[in-house]
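Asker: Let me give you the structure first, and then I'll get to my questions.
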Amino acid sequence: MTVILEPGRTAGHALTAPYYLDPEVHEFDLAAIFARQWLFVATEAEIREPGDYLTVEVGRWSVILLRDDDGTINALHNVCRHRGSRVLAESRGSTGNLVCGYHQWTYAQDGRLLHAGQQAPGFDKSCFGLKKVAVRCVAGLIHICLADEPPADFDEVADRIRPYLAPHGLDRAKVATQVDLVEPANWKLVMENNRECYHCEAGHPELTCTFFPTYGYAVEDIPPRLVPAHARYVRAEAELRRTCDERGLPHELIEELHGRPSAFRIAREALDGAGESYTRDGRAACRKLLGELDTPRLGRLTLHHQPNSWFHFLGDHAVTFSALPLAADRTVVRTTWLVHEDAVEGVDYDVETLTEVWRATNEQDAELVSRAQAGVASPAYEPGPYAPNEYQVDAFVTWYLDRVREYVTP
Amino acid sequence: MTVILEPGRTAGHALTAPYYLDPEVHEFDLAAIFARQWLFVATEAEIREPGDYLTVEVGRWSVILLRDDDGTINALHNVCRHRGSRVLAESRGSTGNLVCGYHQWTYAQDGRLLHAGQQAPGFDKSCFGLKKVAVRCVAGLIHICLADEPPADFDEVADRIRPYLAPHGLDRAKVATQVDLVEPANWKLVMENNRECYHCEAGHPELTCTFFPTYGYAVEDIPPRLVPAHARYVRAEAELRRTCDERGLPHELIEELHGRPSAFRIAREALDGAGESYTRDGRAACRKLLGELDTPRLGRLTLHHQPNSWFHFLGDHAVTFSALPLAADRTVVRTTWLVHEDAVEGVDYDVETLTEVWRATNEQDAELVSRAQAGVASPAYEPGPYAPNEYQVDAFVTWYLDRVREYVTP
Amino acid sequence: MTVILEPGRTAGHALTAPYYLDPEVHEFDLAAIFARQWLFVATEAEIREPGDYLTVEVGRWSVILLRDDDGTINALHNVCRHRGSRVLAESRGSTGNLVCGYHQWTYAQDGRLLHAGQQAPGFDKSCFGLKKVAVRCVAGLIHICLADEPPADFDEVADRIRPYLAPHGLDRAKVATQVDLVEPANWKLVMENNRECYHCEAGHPELTCTFFPTYGYAVEDIPPRLVPAHARYVRAEAELRRTCDERGLPHELIEELHGRPSAFRIAREALDGAGESYTRDGRAACRKLLGELDTPRLGRLTLHHQPNSWFHFLGDHAVTFSALPLAADRTVVRTTWLVHEDAVEGVDYDVETLTEVWRATNEQDAELVSRAQAGVASPAYEPGPYAPNEYQVDAFVTWYLDRVREYVTP
C-alpha cells in the first residue's frame, strides 16, 4: 500500500485514485480512521426507554448501544465471550438482560456475565463480561470510539458545541423517520461531496429553494444578476443575528476542520424564502418547535464532525447524517429526522413534507458521487484543483491525511 | 498467512478469527484438508442403475461419480483432456459413454478416451483418458479422496464401522429426498456447531423431542428437575443394549476423533419419547424398516467422520450430511434422507413427516452459525473457552490443527 | 504472478489455468493487452449525426466517441479534469458541448475546457482539457488505442483491409440492432472459441446451415459421406471467385494472425445453401444490399483482428463482434448488425430473421465457454493439444504470449 506510506498529494488537489478504489485502503481507513476516531452513530431519541437498544455496524465491528434502567447509555461489543457469536441479532429492540442466542450466556445491561451453563469448576465469570466501547452523549447525539485510547480532545469540542445544540432540546426529541441510503462510492467521496456546495445550484433544486443563490460566492465575485439576492441575504443574516442575540442563542462560526483529531465546524446561517426550515417554501414543517424555542426563524445551525457526520438543526426539526464505509466503493448514509417528542404525526407534521428536501438531496448526491466513483476509476484520472469555494473539501482531505500520517508513523 | 504457520491457539479455546474469515485460509483448507482427506460425498442410492451418475463439486474440483455397467462406482475428474471443458454439465443423469459437449471427445465409463475427431497422425488416445479419483464405498456410503496418496488408515476405519452400518442395508435403500442448504458461515463453524449439543435445548425444539433433556450433562451435575428424565434415560439405554445384543447389532462407542487422519466416532444411543425415530413423538416415520431390521426401537446410530460429515441411522430411515466449503463464509450442507427401496411414498412414509425434524434443525443451525460468523468477524472477538460438553468441538479443532501442521511441515 | 513471468507453455497446447482464472492476470491483460493494442470498439453507423456520441467501457477506462460538427470522430477520456467525475453518464446520446454533471465544467466537442465556474485568478483553462485517445476509422469501423504510443503497424493493416471492406459501404450503413451478451468466461476462452470451428458441427445447428460440412477438414481427411458436399464446396468457391473478379472485389486470403501487434486475417469464403447470407436457407435477409453491391452471392468476407474482434461482411448485411473483459471470468460480447442506411425495417428486412443465426450462435458459444471456464478451474485441468483445425486458436495464444513477453521485458 505505497499510496498510504507516501501520499504524494498536490496541495489543493483531490486525492489520487487508489484512495477511492483500493480494497486495502478501505481496510486501512477502517483501522486508521473508523477504529480510532470519535464517530457520531446514533441519537438518544432512538433508544428512549430503559432497555431500548440498537446495534451499529462499523466495518466488521458490531456495537450495542443500550439505555439501562438508570437511563445511562452503555456501548458494548456485540460479541459473546464464549465462541464469539453475535449476542443480539436484531438491529434494534428492547431487552432486560442480554442473552446470547447460541448457548444462552447471559449478560447484565452493563455487560457483566451473569450466567454460563454447565461450566467446569474454576470457571470465573468475572473474566468474561462483554467488552466495553467508549461512548459520549452530547446534547442527544451519541458518539462512540472503538480505540482503547480515544482522542482526548473530544470533550473540549463537546463543551464548545453543547451551548449551540442544547436549546434545540434533542434530549426531548423523537425520531420522525430514518433512512439508510447505500451510495455506490467511497466514503471519502461522500464526505467530500458533503463538504462543498459548488454542485448545489445545478444538482439540488429542492435544497436551493432555501439556500441563497449567492451561497459560495466571494462578495467581490457576485454577478450583477445576483445583487438583489445578496441584499436579501445580508438582511436575513442581520435579522437572524438579532433573533439569536435576543434569545441568547450562540451563532458565532467556529471552524476547526483540521489541525486536531476531533475537528469540527459549527455555524448558524440564514435561510432564503420564509427562512424557517428545509422545505420548498422555507416554512416550518412541524408546528411544534424543538425544545423551548419560541420562533422557527432561526435559520440552520450546521455542525460538521470529521470524519463522517453532519447535522442541520432548525427551529422545528433536526436532521442528522452519518456515513459509514461498507466497501471501497459502497457507503451507507443514515439520515434521521427528529421532531419534538410531543409533536403528533398528521397533526403537527407529515413525514412526506418534513423529509422531502433531504430525501431528494441525498438521492441526488448518491448519483453525483457514483459518477465521481466511476470517473476516478479510469486510469486516465488525474486529481484536479479545488475551487476556492471547495476549501472545506480541502480541509477534510488535509485532516484525513494528517490522521493517515499519525497512524503510519505514530 | 501467518495464522496458519503459527496457529498459537490456547488449548480448549476456539480458533482465532482469521481461520473463519480469511479467503487465504479458505484456499488453504481446500488444499490441506479437502484435497487430502477422505470425504463422504454421496450415497450409492443416488446412482442405483448402471449409467447413473452425479457430479460433485469440491472447491474448484468437479468429480463424476458413475456406476458402470458392472455395478462398479467410478470416480473421474470432470475435465476434458482436450481444452479442459467440463465433460458433463448436468449435476446428475444417466449416460453410456461420456461425451464432452465442446468438441465431442468421447470417453468410456471408466474414463478411457475412445474417440477424438480430426487429430493429426501420431495422436495417442491412450494418453488422454479422464483422470481418476480415489473412491471407497462403505456399506452404501461413497467416499472420495482427491489426493494422489490418500490417507492409508481409511480402510481400517471402514472395516470397523461396516458391522454397525451393514444391518441398516443402505445398499438396498433409496433416496426419499435431498436438500442442499447454503449456510452463511465458514465450514469449520458449521462443523463445530455439529459437534456439540450445548445449543440444542434452546436452539432445537423439534430435535429435543427425542433427545433426553440430560443430554450433555455430567451425571453429577444433573439438576433435581431432571432426575426423572435421567432415570428414563438409564432405562432406555439398558433396553436398547438388550435389543441390540439379542440381534447381534454392535453398539459399543468408538471415539477416535483426533490423533489420526481418518478420525471418527460411532455410537448407538437411545432416543426419548417412543424411542424409534426422529419425529415429534419419536415414532417411526417409515413403516417399512431398513435392511432386514425387525424392530424400530434401535435408537440412533450416529457416525461422525472428520472433516465434513455426520450421519444418523435409525431403524426406519437414515439421514446423511456432508458439508463442503463454497467460500470463507459460505458452506453448503447436503442432507439426504434414505428409506428402504421397497418403501412406498404416501403409503409407508410421507416426506414431510420424515424430514420435518432435520429440516427445522438444519435451518436453526444455519441461523446459529450465521450469528457466529458475524460475531467472530468483529475485531473485538477473542476466542473463549469450550465447556466440558463441547469436548467434541475441541477434538475437531485439534484434528484440524494437526492436519494443518502436517501440511505445512510434512 | 509467476505465471506471466514464466509462461512455460507446451507448444500447440492450451494455456495453463491461471491465465483463465487469476484476477491478477485479468488486471495484467487489461494493462498489457487492452491498454496497449488497437481495439475495435464501435461502428461509425452508431454515431451518424454531428453531436452523436457513445461511451465505451474498456476495463476501468471510459472513452467518449463523439462525431463533431465537422463529421470528425473524436475519442476522449470520459473523466472530468476537476475531481474526476464521469463527464457523460449515459452510454449514448447527442450533445453540443460536453458539460460535466457534477460542477458544470464545460468542454468543447474536441475536449477543450471552455468554462469552469468560480475559479481563483490564475486558473488556466488551457491546462484542463479532456485527455485524448488515439482513434482510427477504417471503412466505418472505429478502432481506439489507449496507449500513448500505439502500435505503429496498424495503419498498414488498415490500408490492406480497406479495399476488401470499402465496397460493403459501411459508411452508408445503419445499425439494425445491437446485442450485448455477458459470457461467463475469461475473454481468452471467448476468443479461442471464436478462432475455431471444430465445435461448430455439434454446437451450432443454425450456423452450419450455411457452413459447408467439410469446413475444417483437410482435403485428404474428408470422409466418403462428405464427398458430395466437398464437390459442392469446390463449385461454390470457383463461382465466388469469378463473381468477385468480375466486380473487382478482392478475395485473396491474408493471414497474419501472429508475428505482429496488429495481427489479422481476412478471407472471403463461399457459403452453402443459397450462398447469400447467414440465414437458415442461406438467402439474403435484407433486400437492399450494402453499398453499391449488385449481387448478394458474395459469400462471407471474414475479418479477424487480434486481440478482441471478428466481423462478417455479406452482400446484404454485416455483423461486427467485439469482446471486452469484465472480470477474470466474465466477458461482454457486443454484436452489431448493419444494413444499408436506406433499408427499411419491415419492408426490406425484419430484425428477427436478420439476427436469428448469430443470436443463437452467440448463446451457444456462451454456454460452451462457460463449460470451458468451469472445467479449467479444476485443479485436475491439464492443457491438452490443439487439433490441426484449431491452428487459429494456437495463433491467438501465440500472439497473446508474444505481447505478454513484450510487456514484461520491453
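Simple scheme: letters A, B, ... for chains in C-alpha cells order, numbers from 1 for residues in each chain, numbers from 1 for ligands in the order shown.
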When DSSP works through the backbone of this structure, what residues of range 39-232 of chain B end up as helix (DSSP H, G or I), shown as an MDAnalysis selection string?

Answerer: chainID B and resid 44:47 125:127 154:168 170:172 187:194 200:203 207:209 219:221 224:232

Asker: Please, which residues of chain C lie no more than 6 Å from chain A when the count uses only C-alpha atoms, and can they be set out as a list in words?

Answerer: Arg60, Trp61, Val79, Arg81, His82, Arg83, Gly84, Ser85, Arg86, Tyr102, His103 and Gln119 of chain C

Asker: Residues of the last selection are to be written out with N, CA and C atoms, as a PDB file, in the first residue's frame.

Answerer:
```pdb
ATOM      1  N   ARG C  60     -11.389  -0.341 -16.623  1.00  0.00           N
ATOM      2  CA  ARG C  60     -11.840   0.809 -15.837  1.00  0.00           C
ATOM      3  C   ARG C  60     -11.816   2.101 -16.636  1.00  0.00           C
ATOM      4  N   TRP C  61     -11.350   2.027 -17.886  1.00  0.00           N
ATOM      5  CA  TRP C  61     -11.393   3.218 -18.724  1.00  0.00           C
ATOM      6  C   TRP C  61     -12.818   3.457 -19.213  1.00  0.00           C
ATOM      7  N   VAL C  79     -13.503  11.625 -18.266  1.00  0.00           N
ATOM      8  CA  VAL C  79     -13.068  11.906 -16.897  1.00  0.00           C
ATOM      9  C   VAL C  79     -12.867  13.415 -16.763  1.00  0.00           C
ATOM     10  N   ARG C  81     -11.627  16.909 -15.594  1.00  0.00           N
ATOM     11  CA  ARG C  81     -10.306  17.295 -15.119  1.00  0.00           C
ATOM     12  C   ARG C  81     -10.357  17.999 -13.757  1.00  0.00           C
ATOM     13  N   HIS C  82     -11.550  18.186 -13.219  1.00  0.00           N
ATOM     14  CA  HIS C  82     -11.698  18.809 -11.900  1.00  0.00           C
ATOM     15  C   HIS C  82     -11.472  17.746 -10.819  1.00  0.00           C
ATOM     16  N   ARG C  83     -12.516  16.977 -10.507  1.00  0.00           N
ATOM     17  CA  ARG C  83     -12.346  15.965  -9.465  1.00  0.00           C
ATOM     18  C   ARG C  83     -12.613  14.569  -9.997  1.00  0.00           C
ATOM     19  N   GLY C  84     -12.546  14.423 -11.330  1.00  0.00           N
ATOM     20  CA  GLY C  84     -12.531  13.086 -11.915  1.00  0.00           C
ATOM     21  C   GLY C  84     -13.882  12.484 -12.229  1.00  0.00           C
ATOM     22  N   SER C  85     -14.965  13.210 -12.026  1.00  0.00           N
ATOM     23  CA  SER C  85     -16.285  12.648 -12.298  1.00  0.00           C
ATOM     24  C   SER C  85     -16.411  12.228 -13.765  1.00  0.00           C
ATOM     25  N   ARG C  86     -17.234  11.197 -14.002  1.00  0.00           N
ATOM     26  CA  ARG C  86     -17.650  10.921 -15.364  1.00  0.00           C
ATOM     27  C   ARG C  86     -18.294  12.187 -15.921  1.00  0.00           C
ATOM     28  N   TYR C 102     -21.363  17.255 -12.559  1.00  0.00           N
ATOM     29  CA  TYR C 102     -21.073  17.485 -11.138  1.00  0.00           C
ATOM     30  C   TYR C 102     -20.973  18.989 -10.836  1.00  0.00           C
ATOM     31  N   HIS C 103     -19.974  19.671 -11.431  1.00  0.00           N
ATOM     32  CA  HIS C 103     -19.820  21.103 -11.164  1.00  0.00           C
ATOM     33  C   HIS C 103     -19.866  21.932 -12.445  1.00  0.00           C
ATOM     34  N   GLN C 119     -13.542  30.097 -10.300  1.00  0.00           N
ATOM     35  CA  GLN C 119     -12.131  29.757 -10.086  1.00  0.00           C
ATOM     36  C   GLN C 119     -11.355  30.967  -9.562  1.00  0.00           C
TER      37      GLN C 119
END
```

Asker: Considering only C-alpha atoms, return as a PDB file with N, CA and C atoms, in the first residue's frame whatever protein or nucleic-acid residues lie within 9 Å of Ala134 in chain B, sequence-local ones (same chain, fewer than 4 positions apart) excluded.

Answerer:
```pdb
ATOM      1  N   TRP B  38     -10.090 -38.133   3.103  1.00  0.00           N
ATOM      2  CA  TRP B  38     -11.260 -38.844   2.607  1.00  0.00           C
ATOM      3  C   TRP B  38     -12.510 -38.043   2.956  1.00  0.00           C
ATOM      4  N   ASN B  74     -17.277 -45.632 -10.367  1.00  0.00           N
ATOM      5  CA  ASN B  74     -16.053 -44.957 -10.804  1.00  0.00           C
ATOM      6  C   ASN B  74     -16.101 -43.499 -10.382  1.00  0.00           C
ATOM      7  N   ALA B  75     -14.946 -42.980 -10.013  1.00  0.00           N
ATOM      8  CA  ALA B  75     -14.832 -41.545  -9.717  1.00  0.00           C
ATOM      9  C   ALA B  75     -13.802 -40.957 -10.678  1.00  0.00           C
ATOM     10  N   LEU B  76     -14.203 -39.945 -11.448  1.00  0.00           N
ATOM     11  CA  LEU B  76     -13.362 -39.383 -12.507  1.00  0.00           C
ATOM     12  C   LEU B  76     -13.396 -37.867 -12.439  1.00  0.00           C
ATOM     13  N   HIS B 143     -17.178 -42.465  -0.418  1.00  0.00           N
ATOM     14  CA  HIS B 143     -16.134 -41.542  -0.001  1.00  0.00           C
ATOM     15  C   HIS B 143     -15.141 -41.390  -1.146  1.00  0.00           C
ATOM     16  N   ILE B 144     -14.658 -40.181  -1.357  1.00  0.00           N
ATOM     17  CA  ILE B 144     -13.594 -39.969  -2.344  1.00  0.00           C
ATOM     18  C   ILE B 144     -12.423 -39.275  -1.664  1.00  0.00           C
ATOM     19  N   CYS B 145     -11.268 -39.376  -2.315  1.00  0.00           N
ATOM     20  CA  CYS B 145     -10.107 -38.612  -1.855  1.00  0.00           C
ATOM     21  C   CYS B 145      -9.388 -38.079  -3.086  1.00  0.00           C
ATOM     22  N   LEU B 146      -9.164 -36.767  -3.102  1.00  0.00           N
ATOM     23  CA  LEU B 146      -8.572 -36.119  -4.271  1.00  0.00           C
ATOM     24  C   LEU B 146      -7.052 -36.241  -4.304  1.00  0.00           C
ATOM     25  N   ALA B 147      -6.470 -36.734  -3.217  1.00  0.00           N
ATOM     26  CA  ALA B 147      -5.003 -36.794  -3.154  1.00  0.00           C
ATOM     27  C   ALA B 147      -4.456 -37.941  -3.989  1.00  0.00           C
ATOM     28  N   ASP B 148      -3.228 -37.795  -4.427  1.00  0.00           N
ATOM     29  CA  ASP B 148      -2.564 -38.899  -5.114  1.00  0.00           C
ATOM     30  C   ASP B 148      -2.276 -40.030  -4.134  1.00  0.00           C
ATOM     31  N   GLU B 149      -1.964 -39.666  -2.894  1.00  0.00           N
ATOM     32  CA  GLU B 149      -1.717 -40.690  -1.878  1.00  0.00           C
ATOM     33  C   GLU B 149      -2.688 -40.486  -0.720  1.00  0.00           C
ATOM     34  N   PRO B 150      -3.852 -41.076  -0.829  1.00  0.00           N
ATOM     35  CA  PRO B 150      -4.882 -40.882   0.212  1.00  0.00           C
ATOM     36  C   PRO B 150      -4.411 -41.440   1.552  1.00  0.00           C
TER      37      PRO B 150
END
```

Asker: CA of Arg359 in chain B and CA of Tyr400 in chain B are how many Å apart?

Answerer: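 Computing it gives 27.6 Å between the two atoms.
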